[in-house]
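Some notes on the structure that comes next.
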Amino acid sequence: MNKVLILTDFSAASTHAIHYAQTFFGDVPTQFCLLNAYPIELEAANGAIYAMETLRQAAADELTQLKESLEASSITPTHTYETRTLAGGPVGALEAILANESFDWVVLGATGAGRSEWLGSVSTGVIRAATAHVLVVPATAPIRPLSHVVLATDANFVRSTECLEPVKAMLEAKNADLTVLTIENPDRKETKMAPETLDQVQLYFDPVKPLVYYIHDNEVVRGIDAYLETHPVDLLVTVPHRKSLVDALFGRSVTRSLAYHPRVPLLALYDAAPVSPANTDPTEVPFATYL
């Protein structure tokens with residue numbers, strides 16, 4: 001059974017993400033946990049505890065209504081729902097719950113709101129913090145069966161295929177096609193995918209025969225955006241690499257850049273094993289860590 005944590009602030013975007021997740025997981029037995037992080041408002045000492053309890057109860061009541069609505073409209077008996085409330089911001093609440101409980105997936109809606117890409121929106125913060133696969137659903141994403149899945153890779157991303165298992169299972173269950181997309185920098189030979197890496201990917205996804213697509217561009221995000229503009233894509237998949245805080249602040253994470261203003265649903269696969277060591281020097285970030 002899948003355990004899926006869904007962040008909700010009761011907005012239209014987060015509700016859309018819930019409905020998307022219901023279709024995404026289909027008839028697979030899934031336990032959905034709806035999490036709302038309510039704000040901490042302690043401007044004055046007097047009455048602060050009462051105010052906190054009032055906020056918590058309001059969040060709990062709204063979650064209960066949402067849960068009952070989902071249960072009443074569900075056509076899949078294999079989906080179950082529970083609710084949680086935690087004080088604080090959404091990323092902090094996520095870290096707190098994941099510290100005590102294991103989930104396979106985290107799902108959230110995205111509108112592109114945020115102060116800057118460097119500081120990060122909620123979706124970029126969740127991808128950095130979560131120890132689970134993260135599915136970011138744009139508010140405009142159509143809810144429909146998956147047909148076209150794109151796996152965006154760098155030249156050396158495959159160290160272990162274990163984290164790709166959800167994609168392989170998804171392709172087989174939904175009869176979707178797969179494109180392996182690599183952005184090659186024409187000025188850097190090391191960005192070209194090695195034949196043995198490509199062979200490993202193709203062998204792993206057998207019997208699905210992935211199409212391999214190359215774009216030549218010295219900016220990875222721009223190359224991926226160019227592909228998205230000219231091809232139908234239902235889901236974009238990345239494997240984020242471990243990065244230092246300095247890397248994140250200097251905008252080195254392609255996945256978090258994509259999540260900040262997602263054009264299509266984005267699946268960031270969690271890889272428990274570090275792919276490359278954290279680099280604290282922002283001038284020496286190897287291309288293999290661009291995702």
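Residue names in the structure tokens use chain letters A, B, ... in the order shown, residue numbers from 1 in each chain, and ligand numbers from 1 in the order shown.
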Neighbouring residues of range 124-136 of chain A were defined as those with any atom within 7 Å, considering only C-alpha atoms; residues of the same chain fewer than 6 positions away were excluded. Please report them as a VMD selection string.
chain A and resid 91 95 103 to 110 256 259 to 260 265 to 270
Could you give me, as a PDB file with N, CA and C atoms, in the first residue's frame, the residues within 9 Å of Tyr213 in chain A, counting only C-alpha atoms and dropping anything in the same chain fewer than 5 positions from it?
```pdb
ATOM      1  N   THR A 179      10.234   9.074 -22.494  1.00  0.00           N
ATOM      2  CA  THR A 179      11.333   9.732 -23.194  1.00  0.00           C
ATOM      3  C   THR A 179      12.421  10.050 -22.188  1.00  0.00           C
ATOM      4  N   VAL A 180      13.650   9.664 -22.489  1.00  0.00           N
ATOM      5  CA  VAL A 180      14.806  10.020 -21.671  1.00  0.00           C
ATOM      6  C   VAL A 180      15.422  11.261 -22.298  1.00  0.00           C
ATOM      7  N   LEU A 181      15.342  12.372 -21.570  1.00  0.00           N
ATOM      8  CA  LEU A 181      15.779  13.663 -22.084  1.00  0.00           C
ATOM      9  C   LEU A 181      17.097  14.062 -21.425  1.00  0.00           C
ATOM     10  N   THR A 182      18.092  14.354 -22.245  1.00  0.00           N
ATOM     11  CA  THR A 182      19.390  14.809 -21.747  1.00  0.00           C
ATOM     12  C   THR A 182      19.754  16.132 -22.411  1.00  0.00           C
ATOM     13  N   ILE A 183      20.178  17.078 -21.589  1.00  0.00           N
ATOM     14  CA  ILE A 183      20.629  18.369 -22.112  1.00  0.00           C
ATOM     15  C   ILE A 183      22.149  18.341 -22.168  1.00  0.00           C
TER      16      ILE A 183
END
```
CA of Ala272 in chain A to CA of Thr8 in chain A measures 25.6 Å
Residues within 12 Å of Leu171 in chain A, only C-alpha atoms, excluding chain neighbours under 5 positions, as a PDB file with C-alpha atoms, in the first residue's frame:
```pdb
ATOM      1  CA  PHE A  24      -2.589   9.429 -10.368  1.00  0.00           C
ATOM      2  CA  PRO A 145      -4.485   9.411 -17.729  1.00  0.00           C
ATOM      3  CA  LEU A 146      -0.707   9.582 -18.132  1.00  0.00           C
ATOM      4  CA  SER A 147       0.469   8.976 -21.672  1.00  0.00           C
ATOM      5  CA  HIS A 148       3.759  10.829 -22.080  1.00  0.00           C
ATOM      6  CA  VAL A 149       6.379  10.646 -19.309  1.00  0.00           C
ATOM      7  CA  VAL A 150       9.757  12.397 -19.620  1.00  0.00           C
ATOM      8  CA  LEU A 151      12.757  11.474 -17.478  1.00  0.00           C
ATOM      9  CA  LEU A 164      13.417   4.613 -10.627  1.00  0.00           C
ATOM     10  CA  GLU A 165      11.089   1.786  -9.574  1.00  0.00           C
ATOM     11  CA  PRO A 166       7.995   4.051  -9.212  1.00  0.00           C
ATOM     12  CA  ALA A 176       2.533   5.178 -20.960  1.00  0.00           C
ATOM     13  CA  ASP A 177       5.539   5.936 -23.122  1.00  0.00           C
ATOM     14  CA  LEU A 178       8.860   7.224 -21.811  1.00  0.00           C
ATOM     15  CA  THR A 179      11.333   9.732 -23.194  1.00  0.00           C
ATOM     16  CA  PHE A 205      12.876  -0.146 -18.337  1.00  0.00           C
ATOM     17  CA  ASP A 206      12.489  -3.172 -20.605  1.00  0.00           C
ATOM     18  CA  PRO A 207       9.938  -4.080 -22.028  1.00  0.00           C
ATOM     19  CA  VAL A 208       9.187  -0.362 -22.323  1.00  0.00           C
ATOM     20  CA  LYS A 209      11.400   1.058 -25.053  1.00  0.00           C
ATOM     21  CA  PRO A 210      12.285   4.622 -24.055  1.00  0.00           C
ATOM     22  CA  LEU A 235       4.746  14.138 -16.246  1.00  0.00           C
TER      23      LEU A 235
END
```
Mind listing the alpha helix (DSSP H) residues of range 157-230 of chain A, per DSSP on the backbone, as an NGL selection string?
:A and (165-174 or 195-205 or 220-230)
